[in-house]
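In what follows, a single structure is set out as C-alpha cells and then discussed.
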Amino acid sequence: MQVFPSLKRIKIECKYKKLPKNTLGRVKGKVLMKREIDVEALLIEGKVKAKIKREKPKEYEIEINEKLKGIKKEVIRKQIVQHTIIHELLHIENEDLISLTKDYKRRKKKKLHVKEFKNEVFKRYNEVRKLNGLPPIERKEDLDMAIGKIVEELGI
Ligand SMILES: [Zn+2]
C-alpha cells in the first residue's frame with residue numbers, strides 16, 4: 001500500500017476466487033447509490049423526481065484467481081499475487097471502474113490495459129520489490145513472459 005498513497009483511506013479486501021479464463025484478478029467497487037429527494041419538485045409539483053447520485057466507492061474487493069494457489073513455491077506465488085494486486089490497485093487509483101461496476105463486462109469495452117497502464121504496473125511492482133528487499137526486474141518483457149508461463153502452466 002505504500003506505493004499507493006492515494007488509496008490510504010480506502011478499504012480493500014483481497015481474496016481468492018474462481019475467476020473466468022484468462023483472468024488473474026479483478027476488482028469490484030462497492031458503489032453506494034444515494035437516492036436524493038428533489039425538494040423543489042416535491043413541494044411544487046407534488047412528485048418525487050428520482051435523483052440518484054453515484055458515489056465513489058470507499059470499499060473495494062480484489063479477487064485473485066484461486067488457481068494461483070497451485071503455485072507450490074510460496075515466494076513465487078507471493079510475487080505473482082502481489083503483481084496481480086498492484087494491477088488492480090492501479091485500476092482503483094485511475095478510477096477505471098467507478099461508473100462501470102454494475103456490469104463487469106462493459107469494463108472490457110473501455111481500453112484499460114494501454115501501454116502506459118502496463119508500464120505503471122511494472123514500475124510500482126518494482127517499487128514493492130524494493131520495499132521487500134528484492135532486486136528490481138530489469139525488463140518488463142521478461143516479467144510478462146514469466147507470468148505468461150505460469151498462467152499457461154496453471155491453465156488460467
Ligand atoms: Zn486490468
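Labeling convention for the C-alpha cells: chains A, B, ... as they appear, residues from 1 per chain, ligands from 1 in order of appearance.
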Residues near stretch 68-73 of chain A, anyone? I mean within 12 Å using only C-alpha atoms, not counting same-chain ones fewer than 2 positions away, as an mmCIF file with C-alpha atoms, in the first residue's frame.
data_model
loop_
_atom_site.group_PDB
_atom_site.id
_atom_site.type_symbol
_atom_site.label_atom_id
_atom_site.label_comp_id
_atom_site.auth_asym_id
_atom_site.auth_seq_id
_atom_site.Cartn_x
_atom_site.Cartn_y
_atom_site.Cartn_z
ATOM 1 C CA LYS A 15 -9.470 -12.949 -1.597
ATOM 2 C CA TYR A 16 -9.037 -15.970 -3.788
ATOM 3 C CA LYS A 17 -11.910 -16.750 -6.057
ATOM 4 C CA LYS A 18 -12.849 -18.879 -9.015
ATOM 5 C CA LEU A 19 -12.436 -16.498 -11.949
ATOM 6 C CA THR A 23 -8.279 -13.583 -15.613
ATOM 7 C CA LEU A 24 -5.637 -13.357 -12.938
ATOM 8 C CA GLY A 25 -7.530 -10.884 -10.874
ATOM 9 C CA GLU A 63 -10.472 -11.157 -6.350
ATOM 10 C CA ILE A 64 -7.481 -13.277 -7.145
ATOM 11 C CA ASN A 65 -7.758 -16.348 -9.325
ATOM 12 C CA GLU A 66 -7.744 -19.303 -6.952
ATOM 13 C CA VAL A 75 7.980 -16.972 -2.773
ATOM 14 C CA ILE A 76 6.876 -17.244 -6.381
ATOM 15 C CA ARG A 77 3.182 -17.292 -5.515
ATOM 16 C CA LYS A 78 3.612 -14.199 -3.409
ATOM 17 C CA GLN A 79 5.243 -12.322 -6.282
ATOM 18 C CA ILE A 80 2.518 -13.194 -8.756
ATOM 19 C CA VAL A 81 -0.244 -12.363 -6.285
ATOM 20 C CA GLN A 82 1.450 -9.083 -5.466
ATOM 21 C CA HIS A 83 1.737 -8.198 -9.121
ATOM 22 C CA THR A 84 -1.950 -9.018 -9.621
ATOM 23 C CA ILE A 147 3.848 -14.568 -15.790
ATOM 24 C CA LYS A 149 4.431 -19.139 -18.495
ATOM 25 C CA ILE A 150 2.910 -19.552 -15.037
ATOM 26 C CA VAL A 151 -0.548 -18.711 -16.340
ATOM 27 C CA GLU A 152 -0.154 -21.324 -19.020
ATOM 28 C CA GLU A 153 1.111 -23.964 -16.622
ATOM 29 C CA LEU A 154 -1.772 -23.417 -14.254
ATOM 30 C CA GLY A 155 -4.319 -23.331 -17.044
ATOM 31 C CA ILE A 156 -5.628 -19.929 -16.104
#
Near-ligand residues for ligand 1, threshold 7 Å, only C-alpha atoms and all ligand atoms, as a list of chain:residue names
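Going residue by residue within 7 Å of ligand 1, we get A:Arg26, A:His87, A:Glu88, A:His91, A:Leu112, A:His113.
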Please, could you write that set of residues out with C-alpha atoms as a CSV table (one decimal), in the first residue's frame?
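As a result, selection_17.csv now contains:
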chain,number,residue,atom,x,y,z
A,26,ARG,CA,-10.3,-8.4,-10.9
A,87,HIS,CA,-2.6,-4.2,-11.3
A,88,GLU,CA,-6.0,-4.0,-9.7
A,91,HIS,CA,-7.4,0.4,-11.7
A,112,LEU,CA,-7.9,0.0,-19.8
A,113,HIS,CA,-4.8,-2.0,-20.5
Could you give me, as a count of residues only, the residues within 9 Å of stretch 58-61 of chain A, counting only C-alpha atoms and dropping anything in the same chain fewer than 5 positions from it?
15
Please identify which residues in chain A DSSP calls strand (DSSP E or B) from the backbone, and express them as a VMD selection string.
chain A and resid 11 to 17 25 to 29 33 to 37 50 to 54 59 to 65
For A:Pro5, work out the shell of residues within 12 Å, counting only C-alpha atoms and skipping chain neighbours fewer than 2 positions away, then give it as a PyMOL selection string.
chain A and resi 1-3+7-10+89-90+93+124
If we count only C-alpha atoms, what is near A:Leu134 at a cut-off of 12 Å, once residues fewer than 5 positions away on the same chain are taken out, given as a list in words?
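Neighbouring residues, sequence-local ones excluded: Val75, Gln79, Tyr125, Asn126, Glu127, Val128 and Arg129 of chain A.
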Would you mind telling me which residue in A:Ser6, A:Asn22, A:Asn119, A:Asn94 lies nearest to A:Lys140 when using only C-alpha atoms?
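For A:Lys140, the nearest of the given residues is A:Asn119.
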Surrounding residues of A:Lys49 excluding itself and chain neighbours under 2 positions, 12 Å, only C-alpha atoms, as a ChimeraX atom specification
/A:35-47,51-52
Please, could you write that set of residues out with N, CA and C atoms as a PDB file, in the first residue's frame?
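Wrote it out as again18.pdb, contents follow:
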ATOM      1  N   ARG A  35     -30.068   7.912  -2.925  1.00  0.00           N
ATOM      2  CA  ARG A  35     -31.264   8.455  -3.537  1.00  0.00           C
ATOM      3  C   ARG A  35     -31.541   9.783  -2.836  1.00  0.00           C
ATOM      4  N   GLU A  36     -31.527  10.801  -3.616  1.00  0.00           N
ATOM      5  CA  GLU A  36     -31.767  12.101  -3.019  1.00  0.00           C
ATOM      6  C   GLU A  36     -33.109  12.645  -3.432  1.00  0.00           C
ATOM      7  N   ILE A  37     -33.692  13.356  -2.560  1.00  0.00           N
ATOM      8  CA  ILE A  37     -35.004  13.919  -2.885  1.00  0.00           C
ATOM      9  C   ILE A  37     -34.838  15.325  -3.455  1.00  0.00           C
ATOM     10  N   ASP A  38     -35.524  15.521  -4.562  1.00  0.00           N
ATOM     11  CA  ASP A  38     -35.535  16.836  -5.156  1.00  0.00           C
ATOM     12  C   ASP A  38     -36.627  17.635  -4.420  1.00  0.00           C
ATOM     13  N   VAL A  39     -36.197  18.457  -3.500  1.00  0.00           N
ATOM     14  CA  VAL A  39     -37.125  19.164  -2.619  1.00  0.00           C
ATOM     15  C   VAL A  39     -38.088  20.048  -3.412  1.00  0.00           C
ATOM     16  N   GLU A  40     -37.554  20.772  -4.364  1.00  0.00           N
ATOM     17  CA  GLU A  40     -38.397  21.668  -5.151  1.00  0.00           C
ATOM     18  C   GLU A  40     -39.476  20.929  -5.920  1.00  0.00           C
ATOM     19  N   ALA A  41     -39.070  19.847  -6.576  1.00  0.00           N
ATOM     20  CA  ALA A  41     -40.032  19.071  -7.356  1.00  0.00           C
ATOM     21  C   ALA A  41     -41.140  18.547  -6.459  1.00  0.00           C
ATOM     22  N   LEU A  42     -40.783  18.146  -5.278  1.00  0.00           N
ATOM     23  CA  LEU A  42     -41.779  17.594  -4.371  1.00  0.00           C
ATOM     24  C   LEU A  42     -42.742  18.682  -3.888  1.00  0.00           C
ATOM     25  N   LEU A  43     -42.195  19.810  -3.497  1.00  0.00           N
ATOM     26  CA  LEU A  43     -43.042  20.837  -2.898  1.00  0.00           C
ATOM     27  C   LEU A  43     -43.847  21.630  -3.915  1.00  0.00           C
ATOM     28  N   ILE A  44     -43.348  21.718  -5.133  1.00  0.00           N
ATOM     29  CA  ILE A  44     -44.085  22.467  -6.147  1.00  0.00           C
ATOM     30  C   ILE A  44     -44.962  21.549  -6.990  1.00  0.00           C
ATOM     31  N   GLU A  45     -44.393  20.461  -7.432  1.00  0.00           N
ATOM     32  CA  GLU A  45     -45.147  19.566  -8.312  1.00  0.00           C
ATOM     33  C   GLU A  45     -45.817  18.411  -7.556  1.00  0.00           C
ATOM     34  N   GLY A  46     -45.438  18.256  -6.337  1.00  0.00           N
ATOM     35  CA  GLY A  46     -46.033  17.186  -5.544  1.00  0.00           C
ATOM     36  C   GLY A  46     -45.492  15.799  -5.843  1.00  0.00           C
ATOM     37  N   LYS A  47     -44.483  15.752  -6.702  1.00  0.00           N
ATOM     38  CA  LYS A  47     -43.931  14.442  -7.060  1.00  0.00           C
ATOM     39  C   LYS A  47     -42.449  14.367  -6.702  1.00  0.00           C
ATOM     40  N   LYS A  51     -33.554  11.064  -8.210  1.00  0.00           N
ATOM     41  CA  LYS A  51     -32.259  11.691  -8.408  1.00  0.00           C
ATOM     42  C   LYS A  51     -31.255  10.751  -7.746  1.00  0.00           C
ATOM     43  N   ILE A  52     -30.610  10.009  -8.568  1.00  0.00           N
ATOM     44  CA  ILE A  52     -29.684   9.042  -7.985  1.00  0.00           C
ATOM     45  C   ILE A  52     -28.249   9.511  -8.159  1.00  0.00           C
TER      46      ILE A  52
END
Assign secondary structure with DSSP using the backbone only, and return the residues of chain A in alpha helix (DSSP H) as number ranges by chain.
A: 39-40, 74-93, 104-107, 115-131, 140-154
Write the residues of the preceding selection, restricted to C-alpha atoms, as a PDB file, in the first residue's frame.
ATOM      1  CA  VAL A  39     -37.125  19.164  -2.619  1.00  0.00           C
ATOM      2  CA  GLU A  40     -38.397  21.668  -5.151  1.00  0.00           C
ATOM      3  CA  GLU A  74       5.449 -19.615  -1.720  1.00  0.00           C
ATOM      4  CA  VAL A  75       7.980 -16.972  -2.773  1.00  0.00           C
ATOM      5  CA  ILE A  76       6.876 -17.244  -6.381  1.00  0.00           C
ATOM      6  CA  ARG A  77       3.182 -17.292  -5.515  1.00  0.00           C
ATOM      7  CA  LYS A  78       3.612 -14.199  -3.409  1.00  0.00           C
ATOM      8  CA  GLN A  79       5.243 -12.322  -6.282  1.00  0.00           C
ATOM      9  CA  ILE A  80       2.518 -13.194  -8.756  1.00  0.00           C
ATOM     10  CA  VAL A  81      -0.244 -12.363  -6.285  1.00  0.00           C
ATOM     11  CA  GLN A  82       1.450  -9.083  -5.466  1.00  0.00           C
ATOM     12  CA  HIS A  83       1.737  -8.198  -9.121  1.00  0.00           C
ATOM     13  CA  THR A  84      -1.950  -9.018  -9.621  1.00  0.00           C
ATOM     14  CA  ILE A  85      -2.967  -6.871  -6.661  1.00  0.00           C
ATOM     15  CA  ILE A  86      -0.870  -3.941  -7.895  1.00  0.00           C
ATOM     16  CA  HIS A  87      -2.550  -4.200 -11.280  1.00  0.00           C
ATOM     17  CA  GLU A  88      -5.991  -3.988  -9.654  1.00  0.00           C
ATOM     18  CA  LEU A  89      -4.979  -1.231  -7.252  1.00  0.00           C
ATOM     19  CA  LEU A  90      -3.911   0.840 -10.208  1.00  0.00           C
ATOM     20  CA  HIS A  91      -7.379   0.427 -11.701  1.00  0.00           C
ATOM     21  CA  ILE A  92      -8.782   1.778  -8.443  1.00  0.00           C
ATOM     22  CA  GLU A  93      -6.356   4.683  -8.421  1.00  0.00           C
ATOM     23  CA  TYR A 104     -18.348  -6.042 -15.302  1.00  0.00           C
ATOM     24  CA  LYS A 105     -18.445  -6.965 -18.977  1.00  0.00           C
ATOM     25  CA  ARG A 106     -18.782  -3.364 -20.020  1.00  0.00           C
ATOM     26  CA  ARG A 107     -15.438  -2.590 -18.481  1.00  0.00           C
ATOM     27  CA  LYS A 115       0.794   0.617 -22.689  1.00  0.00           C
ATOM     28  CA  GLU A 116       1.115   3.369 -20.075  1.00  0.00           C
ATOM     29  CA  PHE A 117      -1.029   1.395 -17.670  1.00  0.00           C
ATOM     30  CA  LYS A 118       1.105  -1.697 -18.000  1.00  0.00           C
ATOM     31  CA  ASN A 119       4.299   0.311 -17.632  1.00  0.00           C
ATOM     32  CA  GLU A 120       2.954   1.899 -14.477  1.00  0.00           C
ATOM     33  CA  VAL A 121       2.073  -1.516 -13.009  1.00  0.00           C
ATOM     34  CA  PHE A 122       5.605  -2.632 -13.745  1.00  0.00           C
ATOM     35  CA  LYS A 123       7.064   0.455 -12.092  1.00  0.00           C
ATOM     36  CA  ARG A 124       5.005   0.059  -8.932  1.00  0.00           C
ATOM     37  CA  TYR A 125       5.721  -3.646  -8.814  1.00  0.00           C
ATOM     38  CA  ASN A 126       9.437  -2.942  -8.800  1.00  0.00           C
ATOM     39  CA  GLU A 127       8.916  -0.391  -6.025  1.00  0.00           C
ATOM     40  CA  VAL A 128       7.196  -3.057  -3.945  1.00  0.00           C
ATOM     41  CA  ARG A 129      10.032  -5.479  -4.649  1.00  0.00           C
ATOM     42  CA  LYS A 130      12.459  -2.881  -3.413  1.00  0.00           C
ATOM     43  CA  LEU A 131      10.468  -2.446  -0.191  1.00  0.00           C
ATOM     44  CA  LYS A 140       9.122  -5.703 -18.338  1.00  0.00           C
ATOM     45  CA  GLU A 141       9.088  -8.146 -21.242  1.00  0.00           C
ATOM     46  CA  ASP A 142      10.858 -10.777 -19.151  1.00  0.00           C
ATOM     47  CA  LEU A 143       8.337 -10.434 -16.356  1.00  0.00           C
ATOM     48  CA  ASP A 144       5.461 -10.658 -18.835  1.00  0.00           C
ATOM     49  CA  MET A 145       6.963 -13.834 -20.206  1.00  0.00           C
ATOM     50  CA  ALA A 146       7.426 -15.346 -16.757  1.00  0.00           C
ATOM     51  CA  ILE A 147       3.848 -14.568 -15.790  1.00  0.00           C
ATOM     52  CA  GLY A 148       2.631 -15.878 -19.136  1.00  0.00           C
ATOM     53  CA  LYS A 149       4.431 -19.139 -18.495  1.00  0.00           C
ATOM     54  CA  ILE A 150       2.910 -19.552 -15.037  1.00  0.00           C
ATOM     55  CA  VAL A 151      -0.548 -18.711 -16.340  1.00  0.00           C
ATOM     56  CA  GLU A 152      -0.154 -21.324 -19.020  1.00  0.00           C
ATOM     57  CA  GLU A 153       1.111 -23.964 -16.622  1.00  0.00           C
ATOM     58  CA  LEU A 154      -1.772 -23.417 -14.254  1.00  0.00           C
TER      59      LEU A 154
END
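Going from atom CA of A:Val114 to atom CA of A:Ile62 covers 20.4 Å.
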Could you check the closest approach to A:Glu95 for each of A:Ala50, A:Asn132, A:Pro57, A:Lys67 and tell me which residue wins, using only C-alpha atoms?
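Checking each candidate against A:Glu95, we get A:Pro57 as the closest.
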Using only C-alpha atoms for the distances, tell me which of A:Glu138, A:Lys111, A:Pro20, A:Leu97 is nearest to A:Lys56.
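Nearest to A:Lys56: A:Leu97.
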